[in-house]
>>> print(open('final_6.cif').read())   # mmCIF, C-alpha atoms
data_query
loop_
_atom_site.label_atom_id
_atom_site.label_comp_id
_atom_site.auth_asym_id
_atom_site.auth_seq_id
_atom_site.Cartn_x
_atom_site.Cartn_y
_atom_site.Cartn_z
CA MET A 1 14.97 -21.62 -26.10
CA LEU A 2 14.01 -18.50 -24.17
CA ARG A 3 14.96 -15.31 -25.95
CA CYS A 4 16.20 -12.10 -24.32
CA ASP A 5 13.08 -10.15 -25.30
CA GLN A 6 10.92 -12.92 -23.86
CA LEU A 7 12.91 -12.94 -20.65
CA THR A 8 12.30 -9.25 -20.06
CA GLU A 9 8.57 -10.03 -20.15
CA ARG A 10 8.87 -12.85 -17.61
CA VAL A 11 10.96 -11.05 -15.08
CA THR A 12 8.05 -10.04 -12.86
CA ASP A 13 6.45 -13.50 -12.88
CA TYR A 14 9.88 -14.85 -12.00
CA LEU A 15 10.41 -12.41 -9.12
CA GLU A 16 6.85 -12.94 -7.88
CA GLY A 17 7.28 -16.69 -7.91
CA GLN A 18 4.25 -16.95 -10.18
CA ILE A 19 5.86 -19.15 -12.79
CA SER A 20 5.84 -22.84 -13.59
CA LEU A 21 8.87 -24.92 -12.68
CA ALA A 22 9.70 -25.47 -16.36
CA ASP A 23 9.57 -21.72 -17.07
CA ARG A 24 11.60 -20.98 -13.97
CA VAL A 25 14.31 -23.36 -15.11
CA GLU A 26 14.32 -21.72 -18.54
CA VAL A 27 14.74 -18.29 -17.00
CA TYR A 28 17.43 -19.57 -14.70
CA VAL A 29 19.40 -21.21 -17.52
CA HIS A 30 19.10 -18.12 -19.68
CA LEU A 31 20.31 -15.84 -16.88
CA HIS A 32 23.25 -18.15 -16.33
CA ARG A 33 24.36 -17.70 -19.93
CA CYS A 34 23.36 -14.11 -20.62
CA GLY A 35 25.14 -11.24 -18.88
CA ASP A 36 22.90 -8.61 -20.45
CA CYS A 37 19.76 -10.21 -19.05
CA ARG A 38 21.44 -10.61 -15.67
CA LYS A 39 22.08 -6.90 -15.80
CA TYR A 40 18.45 -6.26 -16.77
CA LEU A 41 17.18 -8.33 -13.84
CA GLY A 42 19.65 -6.60 -11.52
CA GLN A 43 18.36 -3.22 -12.63
CA ILE A 44 14.75 -4.20 -12.04
CA LYS A 45 15.73 -5.27 -8.53
CA GLU A 46 17.67 -2.04 -8.04
CA THR A 47 14.62 -0.07 -9.19
CA VAL A 48 12.45 -1.83 -6.60
CA ARG A 49 15.06 -1.21 -3.92
CA LEU A 50 15.24 2.50 -4.74
CA LEU A 51 11.45 2.78 -4.77
CA GLY A 52 11.49 1.54 -1.20
CA GLN A 53 13.67 4.51 -0.29
CA LEU A 54 11.42 7.24 -1.63
CA ALA A 55 10.95 9.81 1.08
CA VAL A 56 7.57 10.10 2.66
CA PRO A 57 5.95 13.36 1.60
CA PRO A 58 5.85 15.50 4.72
CA SER A 59 2.38 16.37 5.85
CA ILE A 60 0.48 17.23 8.95
CA ALA A 61 -2.77 15.51 9.67
CA ASP A 62 -5.55 17.54 11.25
CA VAL A 63 -5.44 15.48 14.40
CA GLY A 64 -7.28 18.16 16.39
CA GLY A 65 -10.38 17.91 14.21
CA LEU A 66 -10.17 14.15 14.27
CA LEU A 67 -9.91 14.07 18.05
CA ALA A 68 -13.03 16.20 18.37
CA ARG A 69 -14.84 13.81 16.05
CA PHE A 70 -13.47 10.82 17.92
CA ARG A 71 -14.86 12.22 21.18
CA ARG A 72 -18.24 12.85 19.57
CA THR A 73 -18.31 9.30 18.25
CA GLN A 74 -17.62 8.03 21.74
CA LEU A 75 -20.36 10.14 23.28
CA ALA A 76 -22.82 9.34 20.54
CA ALA A 77 -22.58 5.63 21.20
CA PRO A 78 -26.11 4.71 22.27
CA SER A 79 -26.46 3.29 25.73
CA ARG A 80 -28.10 -0.08 25.72
CA PRO A 81 -28.96 -2.37 28.55
CA ASN A 82 -26.38 -5.03 29.20
CA GLY A 83 -27.56 -8.02 27.28
CA GLY A 84 -24.61 -9.20 25.27
CA THR A 85 -22.25 -11.95 26.14
CA LEU A 86 -19.04 -10.12 25.37
CA ARG A 87 -16.98 -7.83 27.47
CA LEU A 88 -14.76 -5.95 25.14
CA VAL A 89 -13.69 -3.13 27.39
CA VAL A 90 -12.81 -3.27 31.02
CA ALA A 91 -11.55 0.19 31.54
CA ASP A 92 -13.63 2.28 33.94
CA MET B 1 -9.28 9.56 28.61
CA LYS B 2 -11.66 6.71 29.20
CA ILE B 3 -14.82 8.76 29.07
CA GLY B 4 -17.55 6.92 27.30
CA ALA B 5 -15.76 3.62 27.44
CA SER B 6 -18.56 1.80 29.18
CA ARG B 7 -21.13 3.15 26.77
CA LEU B 8 -19.01 2.10 23.85
CA ALA B 9 -18.51 -1.27 25.43
CA ARG B 10 -22.26 -1.72 25.72
CA ARG B 11 -22.64 -0.70 22.14
CA LEU B 12 -20.12 -3.26 21.06
CA GLN B 13 -21.86 -5.93 23.09
CA SER B 14 -24.94 -5.53 21.00
CA PRO B 15 -25.26 -8.33 18.46
CA SER B 16 -26.66 -5.88 15.97
CA THR B 17 -23.43 -3.94 15.75
CA MET B 18 -21.08 -6.86 15.68
CA THR B 19 -21.23 -10.59 15.26
CA ASN B 20 -20.04 -12.76 18.04
CA SER B 21 -17.20 -14.35 16.12
CA SER B 22 -15.69 -11.14 14.87
CA ALA B 23 -15.91 -9.57 18.29
CA THR B 24 -14.12 -12.56 19.75
CA GLN B 25 -11.42 -12.09 17.18
CA LEU B 26 -11.00 -8.49 18.12
CA ALA B 27 -10.74 -8.86 21.83
CA PRO B 28 -10.25 -12.12 23.63
CA ALA B 29 -12.55 -12.44 26.62
CA GLY B 30 -11.00 -11.03 29.72
CA ALA B 31 -8.55 -8.78 27.94
CA SER B 32 -7.97 -5.77 30.09
CA ALA B 33 -6.47 -2.40 29.34
CA ARG B 34 -3.57 -3.29 31.60
CA THR B 35 -2.84 -6.54 29.78
CA ALA B 36 -3.05 -4.78 26.46
CA ALA B 37 -0.62 -2.11 27.60
CA ARG B 38 1.84 -4.72 28.81
CA ASP B 39 1.63 -6.76 25.60
CA ALA B 40 2.03 -3.67 23.46
CA ARG B 41 5.52 -3.23 24.83
CA THR B 42 6.64 -6.64 23.64
CA ALA B 43 7.21 -7.32 19.97
CA VAL B 44 4.05 -8.68 18.41
CA ARG B 45 2.90 -9.60 14.94
CA ALA B 46 1.27 -6.84 12.92
CA SER B 47 -2.18 -8.33 13.20
CA SER B 48 -2.07 -8.54 16.97
CA ALA B 49 -0.70 -5.00 17.04
CA ASP B 50 -3.77 -4.05 15.01
CA LEU B 51 -6.05 -5.66 17.55
CA LYS B 52 -4.32 -3.95 20.44
CA ILE B 53 -4.61 -0.50 18.98
CA LEU B 54 -8.19 -1.23 18.00
CA ALA B 55 -9.09 -2.27 21.52
CA ARG B 56 -7.56 0.95 22.85
CA LEU B 57 -9.44 3.03 20.30
CA ARG B 58 -12.68 1.39 21.23
CA ALA B 59 -11.95 2.07 24.84
CA GLY B 60 -11.75 5.76 24.00
CA ASP B 61 -7.97 6.04 24.28
CA GLU B 62 -7.12 9.24 22.46
CA SER B 63 -3.41 8.59 22.32
CA ALA B 64 -4.19 5.47 20.27
CA LEU B 65 -5.80 7.69 17.66
CA GLY B 66 -2.62 9.74 17.43
CA GLU B 67 -0.61 6.55 17.03
CA LEU B 68 -2.90 5.27 14.32
CA VAL B 69 -2.61 8.50 12.37
CA GLY B 70 1.14 8.55 12.86
CA ARG B 71 1.44 5.01 11.59
CA TYR B 72 -0.65 5.26 8.44
CA HIS B 73 -0.83 8.91 7.42
CA ALA B 74 2.17 8.76 5.11
CA VAL B 75 0.94 5.60 3.38
CA LEU B 76 -2.42 7.20 2.79
CA LEU B 77 -0.90 10.35 1.39
CA ARG B 78 1.26 8.34 -0.99
CA LEU B 79 -1.69 6.30 -2.16
CA ALA B 80 -3.86 9.39 -2.60
CA LEU B 81 -1.11 11.01 -4.63
CA ALA B 82 -0.99 7.86 -6.73
CA PHE B 83 -4.63 8.35 -7.64
CA TYR B 84 -4.16 11.96 -8.52
CA PRO B 85 -0.81 13.66 -8.19
CA ASN B 86 -2.13 16.86 -6.71
CA ARG B 87 -1.24 17.81 -3.20
CA ALA B 88 -4.51 19.55 -2.31
CA PHE B 89 -6.55 16.63 -3.66
CA ALA B 90 -4.45 14.12 -1.74
CA GLU B 91 -4.66 16.00 1.54
CA GLU B 92 -8.44 16.27 1.25
CA VAL B 93 -8.90 12.61 0.45
CA VAL B 94 -6.66 11.58 3.34
CA GLN B 95 -8.58 13.79 5.74
CA ASP B 96 -11.84 12.31 4.41
CA THR B 97 -10.43 8.88 4.99
CA TRP B 98 -9.49 9.57 8.59
CA THR B 99 -12.96 10.89 9.24
CA ALA B 100 -14.44 7.70 7.81
CA VAL B 101 -12.03 5.59 9.84
CA VAL B 102 -13.05 7.29 13.08
CA ASP B 103 -16.71 6.87 12.22
CA GLY B 104 -16.23 3.27 11.17
CA LEU B 105 -14.09 2.01 14.05
CA ALA B 106 -17.02 0.32 15.74
CA SER B 107 -17.98 -1.59 12.63
CA PHE B 108 -14.52 -2.79 11.60
CA GLU B 109 -14.70 -6.55 11.85
CA GLY B 110 -11.04 -7.42 11.65
CA ARG B 111 -11.33 -9.53 8.51
CA SER B 112 -8.42 -7.72 6.96
CA SER B 113 -5.46 -5.92 8.43
CA LEU B 114 -6.11 -2.45 9.72
CA LYS B 115 -3.79 -1.08 7.04
CA THR B 116 -5.71 -2.82 4.27
CA TRP B 117 -9.02 -1.62 5.66
CA ILE B 118 -7.85 1.98 5.90
CA CYS B 119 -6.20 1.93 2.46
CA ARG B 120 -9.36 0.52 0.99
CA ILE B 121 -11.44 3.31 2.46
CA LEU B 122 -9.01 5.74 0.87
CA THR B 123 -9.25 3.99 -2.48
CA ASN B 124 -13.02 4.27 -2.46
CA ARG B 125 -12.95 7.89 -1.35
CA ALA B 126 -10.39 8.82 -3.99
CA LYS B 127 -12.36 7.13 -6.77
CA THR B 128 -15.61 8.72 -5.67
CA ARG B 129 -14.02 12.13 -5.53
CA LEU B 130 -12.31 11.74 -8.88
CA ILE B 131 -15.55 10.81 -10.53
CA ARG B 132 -17.61 13.47 -8.77
CA GLU B 133 -15.21 16.25 -9.49
CA ALA B 134 -14.58 15.00 -13.01
CA ARG B 135 -10.91 15.55 -12.69
CA SER B 136 -8.72 15.02 -15.69
CA VAL B 137 -8.57 11.32 -14.87
CA PRO B 138 -11.28 9.46 -16.75
CA PHE B 139 -13.18 6.78 -14.89
CA SER B 140 -11.89 4.17 -17.30
CA ALA B 141 -8.40 4.88 -16.04
CA LEU B 142 -9.43 3.31 -12.73
CA LYS B 143 -10.18 0.06 -14.45
CA ASP B 144 -7.77 -2.48 -15.65
CA PHE B 145 -7.11 -2.22 -19.24
CA ASP B 146 -3.77 -2.01 -20.82
CA SER B 147 -2.43 -2.26 -24.28
CA ASP B 148 0.33 -4.77 -24.85
CA GLU B 149 3.14 -2.39 -24.21
CA PRO B 150 6.41 -4.29 -24.02
CA ALA B 151 8.74 -4.03 -21.03
CA VAL B 152 11.60 -3.00 -23.27
CA ASP B 153 11.48 -1.12 -26.57
CA PRO B 154 11.46 -3.85 -29.27
CA ALA B 155 13.97 -1.77 -31.25
CA ARG B 156 16.56 -2.74 -28.66
CA PHE B 157 16.41 -6.40 -29.72
CA LEU B 158 17.67 -8.15 -32.82
CA THR B 159 15.20 -10.08 -34.92
CA ASP B 160 16.22 -13.29 -33.16
CA GLY B 161 15.27 -11.74 -29.81
CA ARG B 162 18.79 -11.15 -28.51
CA TRP B 163 19.81 -7.75 -27.21
CA ALA B 164 20.94 -5.33 -29.91
CA GLU B 165 21.31 -2.53 -27.40
CA PRO B 166 21.75 -4.12 -23.97
CA PRO B 167 20.87 -2.35 -20.72
CA ARG B 168 23.42 0.23 -19.71
CA SER B 169 24.80 0.35 -16.19
CA PHE B 170 23.14 2.60 -13.67
CA THR B 171 26.17 3.39 -11.61
CA ASP B 172 29.60 2.74 -13.04
CA GLU B 173 32.09 5.46 -13.94
CA SER B 174 30.71 7.72 -11.27
CA PRO B 175 32.87 9.13 -8.50
CA GLU B 176 29.82 10.76 -6.92
CA LYS B 177 27.75 7.85 -5.77
CA GLN B 178 25.80 9.93 -3.31
CA LEU B 179 24.80 12.34 -6.01
CA ILE B 180 23.78 9.49 -8.26
CA HIS B 181 21.57 8.12 -5.50
CA LYS B 182 19.86 11.46 -4.98
CA GLU B 183 19.35 11.85 -8.68
CA ALA B 184 17.93 8.35 -8.92
CA ILE B 185 15.38 9.11 -6.21
CA PHE B 186 14.43 12.37 -7.89
CA CYS B 187 14.12 10.66 -11.25
CA LEU B 188 11.92 7.91 -9.80
CA GLU B 189 9.60 10.42 -8.14
CA ARG B 190 9.09 12.12 -11.47
CA ALA B 191 8.74 8.93 -13.49
CA LEU B 192 6.20 7.63 -10.97
CA GLN B 193 4.00 10.64 -11.65
CA GLN B 194 4.04 9.92 -15.36
CA LEU B 195 2.77 6.36 -15.03
CA PRO B 196 -0.84 5.55 -15.84
CA LEU B 197 -2.99 5.70 -12.73
CA ASN B 198 -3.50 1.96 -12.27
CA GLN B 199 0.20 1.15 -12.67
CA ARG B 200 1.13 3.96 -10.31
CA ALA B 201 -1.30 2.78 -7.65
CA VAL B 202 0.01 -0.79 -7.78
CA VAL B 203 3.72 0.05 -7.79
CA THR B 204 3.26 2.64 -5.05
CA LEU B 205 1.62 0.14 -2.74
CA ARG B 206 3.91 -2.75 -3.63
CA ASP B 207 7.35 -1.21 -3.97
CA VAL B 208 7.17 2.16 -2.24
CA GLU B 209 5.00 1.09 0.69
CA GLY B 210 5.92 -2.57 0.74
CA LEU B 211 2.47 -4.17 0.79
CA GLY B 212 2.12 -7.78 -0.34
CA SER B 213 0.40 -8.67 -3.60
CA GLU B 214 -2.66 -10.04 -1.81
CA GLU B 215 -3.03 -6.85 0.21
CA VAL B 216 -2.72 -4.73 -2.91
CA CYS B 217 -5.43 -6.74 -4.68
CA ASN B 218 -7.63 -6.28 -1.64
CA VAL B 219 -7.04 -2.55 -1.42
CA LEU B 220 -7.48 -1.82 -5.11
CA GLN B 221 -10.06 -4.55 -5.75
CA ILE B 222 -8.23 -6.07 -8.67
CA ARG B 223 -7.31 -9.63 -9.56
CA GLU B 224 -3.86 -11.01 -8.86
CA THR B 225 -3.01 -11.51 -12.52
CA ASN B 226 -3.93 -7.89 -13.28
CA GLN B 227 -1.91 -6.73 -10.34
CA ARG B 228 1.13 -8.57 -11.68
CA VAL B 229 0.76 -7.18 -15.19
CA LEU B 230 0.43 -3.64 -13.84
CA LEU B 231 3.43 -4.13 -11.58
CA HIS B 232 5.42 -5.53 -14.47
CA ARG B 233 4.72 -2.59 -16.74
CA ALA B 234 5.33 -0.04 -14.01
CA ARG B 235 8.67 -1.51 -12.96
CA ALA B 236 9.80 -1.79 -16.57
CA LYS B 237 9.04 1.87 -17.21
CA LEU B 238 10.69 3.02 -14.02
CA ARG B 239 13.83 1.02 -14.81
CA ARG B 240 13.92 2.62 -18.21
CA ALA B 241 13.51 6.07 -16.70
CA LEU B 242 16.49 5.40 -14.44
CA GLU B 243 18.56 4.08 -17.31
CA GLU B 244 17.83 7.09 -19.46
CA HIS B 245 18.27 9.60 -16.68
CA LEU B 246 21.43 8.23 -15.11
CA ILE B 247 23.20 7.57 -18.38
CA GLY B 248 21.96 10.84 -19.78
CA ALA B 249 20.79 9.16 -22.95
#
>>> encode(input="final_6.cif", output="structure tokens")
Amino acid sequence: MLRCDQLTERVTDYLEGQISLADRVEVYVHLHRCGDCRKYLGQIKETVRLLGQLAVPPSIADVGGLLARFRRTQLAAPSRPNGGTLRLVVAD
Amino acid sequence: MKIGASRLARRLQSPSTMTNSSATQLAPAGASARTAARDARTAVRASSADLKILARLRAGDESALGELVGRYHAVLLRLALAFYPNRAFAEEVVQDTWTAVVDGLASFEGRSSLKTWICRILTNRAKTRLIREARSVPFSALKDFDSDEPAVDPARFLTDGRWAEPPRSFTDESPEKQLIHKEAIFCLERALQQLPLNQRAVVTLRDVEGLGSEEVCNVLQIRETNQRVLLHRARAKLRRALEEHLIGA
């Protein structure tokens, strides 16, 4: 019989679907009978949900510097005679 | 806008810079800028969106660079902060990463998603920098070792394994749900910073940024089982932080 303390250690395997069928059934049966463990599982899910709502730290990328580098990369591309079989860019 | 496109195209045609198969993956023969622009307006899967933006970048489209930065800058900053919760450090590592991305665009072979590739560059940069600058994070902290810390304090169980002190509700008896939510977010931010580095990196990518477990393993170069253990410990601690904070234990 799965114990409450054991269930709290299997919660992630259970949520990740990385658990054998037998173990899954055990977890399922336990959750059916145990309100406290249902609450625990619910709180783990709530934690994950809240984590997904964390605000993105505001920041400004130095796009200007990157653009300059990007242009240099473009210009630095060595010119080679056409010999390949692929046409990746049809832009000019 | 398209300056240098033909030169870049020639460069990409060279077998020495790219294998035939990967190049085919990246741009189907006959794809034109016009077609790409039209397709970009319709909803596409992430991977094809990757290929579209990549094709534009390789064609020298500068607006594509802005889009790329806009799309992934926040993820990178989060991940960098996960490695070392210091704003200046994170900003530097992210800037480093973008530089490496720009330099490496021509050699990206499309074997992973663009996001994974970029996050992995950041991971390597962050580790290198942490080691070089001998920050307070020891190198061993980047590896996967963990003691057998339980998800829940064993004192909260009876000897037969049943709850002695069951989980307390996060939300009930509160008229100010909005306030509770704000407090929860604040509490999580703080608790996240107190996690060990490896747990923080995993839970940040999985639960804050929403990457899949396979992607996270790829970015952090860890095995799936380790990833799951780290995720398990991190979530357990964060739940506990919320419980303690919101109940005011």
>>> residues_around(input="final_6.cif", residues="Arg190 (chain B)", least_positions_apart="6", cutoff="12 Å", atoms="all atoms listed in the file", output="PDB file with C-alpha atoms, keeping the file's coordinate frame")
ATOM      1  CA  LEU A  51      11.450   2.780  -4.770  1.00  0.00           C
ATOM      2  CA  LEU A  54      11.420   7.240  -1.630  1.00  0.00           C
TER       3      LEU A  54
ATOM      4  CA  ALA B  82      -0.990   7.860  -6.730  1.00  0.00           C
ATOM      5  CA  PRO B  85      -0.810  13.660  -8.190  1.00  0.00           C
ATOM      6  CA  GLU B 183      19.350  11.850  -8.680  1.00  0.00           C
ATOM      7  CA  ALA B 184      17.930   8.350  -8.920  1.00  0.00           C
ATOM      8  CA  ARG B 200       1.130   3.960 -10.310  1.00  0.00           C
ATOM      9  CA  LYS B 237       9.040   1.870 -17.210  1.00  0.00           C
ATOM     10  CA  LEU B 238      10.690   3.020 -14.020  1.00  0.00           C
ATOM     11  CA  ALA B 241      13.510   6.070 -16.700  1.00  0.00           C
ATOM     12  CA  LEU B 242      16.490   5.400 -14.440  1.00  0.00           C
ATOM     13  CA  HIS B 245      18.270   9.600 -16.680  1.00  0.00           C
TER      14      HIS B 245
END
>>> closest_atom_pairs(input="final_6.cif", of="region 52-146 of chain B", to="region 202-211 of chain B", cutoff="10 Å", atoms="all atoms listed in the file", output="Markdown table")
| residue | atom | partner | partner_atom | distance |
| --- | --- | --- | --- | --- |
| B:Ala74 | CA | B:Glu209 | CA | 9.3 |
| B:Val75 | CA | B:Glu209 | CA | 6.6 |
| B:Leu76 | CA | B:Leu205 | CA | 9.8 |
| B:Arg78 | CA | B:Thr204 | CA | 7.3 |
| B:Leu79 | CA | B:Thr204 | CA | 6.8 |
| B:Leu81 | CA | B:Thr204 | CA | 9.5 |
| B:Ala82 | CA | B:Thr204 | CA | 6.9 |
| B:Lys115 | CA | B:Leu211 | CA | 9.4 |
| B:Thr116 | CA | B:Leu211 | CA | 9.0 |
| B:Cys119 | CA | B:Leu205 | CA | 9.6 |
>>> atom_distance(input="final_6.cif", atom1="CA of Glu9 (chain A)", atom2="CA of Val229 (chain B)")
9.7 Å
>>> atom_distance(input="final_6.cif", atom1="CA of Gly70 (chain B)", atom2="CA of Leu188 (chain B)")
25.1 Å
>>> residues_around(input="final_6.cif", residues="Leu2 (chain A)", least_positions_apart="6", cutoff="9 Å", atoms="all atoms listed in the file", output="ChimeraX atom specification")
/A:23,26-27,29-30 /B:161
>>> atom_distance(input="final_6.cif", atom1="CA of Asp13 (chain A)", atom2="CA of Ile247 (chain B)")
27.5 Å
>>> decode(input="final_6.cif", residues="region 28-47 of chain A", atoms="N, CA and C atoms", output="tab-separated table (two decimals), in the first residue's frame")
chain	number	residue	atom	x	y	z
A	28	TYR	N	-3.05	6.59	-8.21
A	28	TYR	CA	-4.43	6.96	-8.50
A	28	TYR	C	-5.37	6.53	-7.38
A	29	VAL	N	-5.20	5.28	-6.94
A	29	VAL	CA	-6.05	4.74	-5.86
A	29	VAL	C	-5.82	5.53	-4.57
A	30	HIS	N	-4.56	5.81	-4.29
A	30	HIS	CA	-4.26	6.56	-3.07
A	30	HIS	C	-4.91	7.95	-3.11
A	31	LEU	N	-4.76	8.61	-4.25
A	31	LEU	CA	-5.34	9.96	-4.38
A	31	LEU	C	-6.85	9.93	-4.21
A	32	HIS	N	-7.45	8.84	-4.68
A	32	HIS	CA	-8.90	8.71	-4.57
A	32	HIS	C	-9.35	8.68	-3.11
A	33	ARG	N	-8.50	8.06	-2.28
A	33	ARG	CA	-8.89	7.87	-0.88
A	33	ARG	C	-8.40	9.00	0.03
A	34	CYS	N	-7.34	9.71	-0.39
A	34	CYS	CA	-6.66	10.60	0.54
A	34	CYS	C	-6.77	12.07	0.14
A	35	GLY	N	-7.59	12.80	0.85
A	35	GLY	CA	-7.81	14.22	0.56
A	35	GLY	C	-6.56	15.05	0.75
A	36	ASP	N	-5.76	14.71	1.75
A	36	ASP	CA	-4.54	15.47	2.00
A	36	ASP	C	-3.56	15.37	0.84
A	37	CYS	N	-3.43	14.18	0.30
A	37	CYS	CA	-2.52	14.00	-0.84
A	37	CYS	C	-3.07	14.63	-2.10
A	38	ARG	N	-4.41	14.62	-2.22
A	38	ARG	CA	-5.01	15.34	-3.36
A	38	ARG	C	-4.67	16.82	-3.25
A	39	LYS	N	-4.72	17.33	-2.04
A	39	LYS	CA	-4.40	18.73	-1.82
A	39	LYS	C	-2.92	18.99	-2.16
A	40	TYR	N	-2.06	18.04	-1.74
A	40	TYR	CA	-0.63	18.19	-2.03
A	40	TYR	C	-0.40	18.26	-3.55
A	41	LEU	N	-1.00	17.31	-4.26
A	41	LEU	CA	-0.85	17.28	-5.72
A	41	LEU	C	-1.39	18.57	-6.34
A	42	GLY	N	-2.54	19.01	-5.85
A	42	GLY	CA	-3.13	20.25	-6.34
A	42	GLY	C	-2.21	21.43	-6.14
A	43	GLN	N	-1.52	21.45	-5.02
A	43	GLN	CA	-0.61	22.56	-4.73
A	43	GLN	C	0.64	22.53	-5.60
A	44	ILE	N	1.10	21.32	-5.90
A	44	ILE	CA	2.24	21.21	-6.82
A	44	ILE	C	1.82	21.77	-8.19
A	45	LYS	N	0.63	21.38	-8.62
A	45	LYS	CA	0.14	21.88	-9.92
A	45	LYS	C	-0.04	23.39	-9.89
A	46	GLU	N	-0.54	23.89	-8.78
A	46	GLU	CA	-0.74	25.34	-8.63
A	46	GLU	C	0.61	26.06	-8.66
A	47	THR	N	1.61	25.45	-8.04
A	47	THR	CA	2.96	26.03	-8.04
A	47	THR	C	3.48	26.15	-9.48
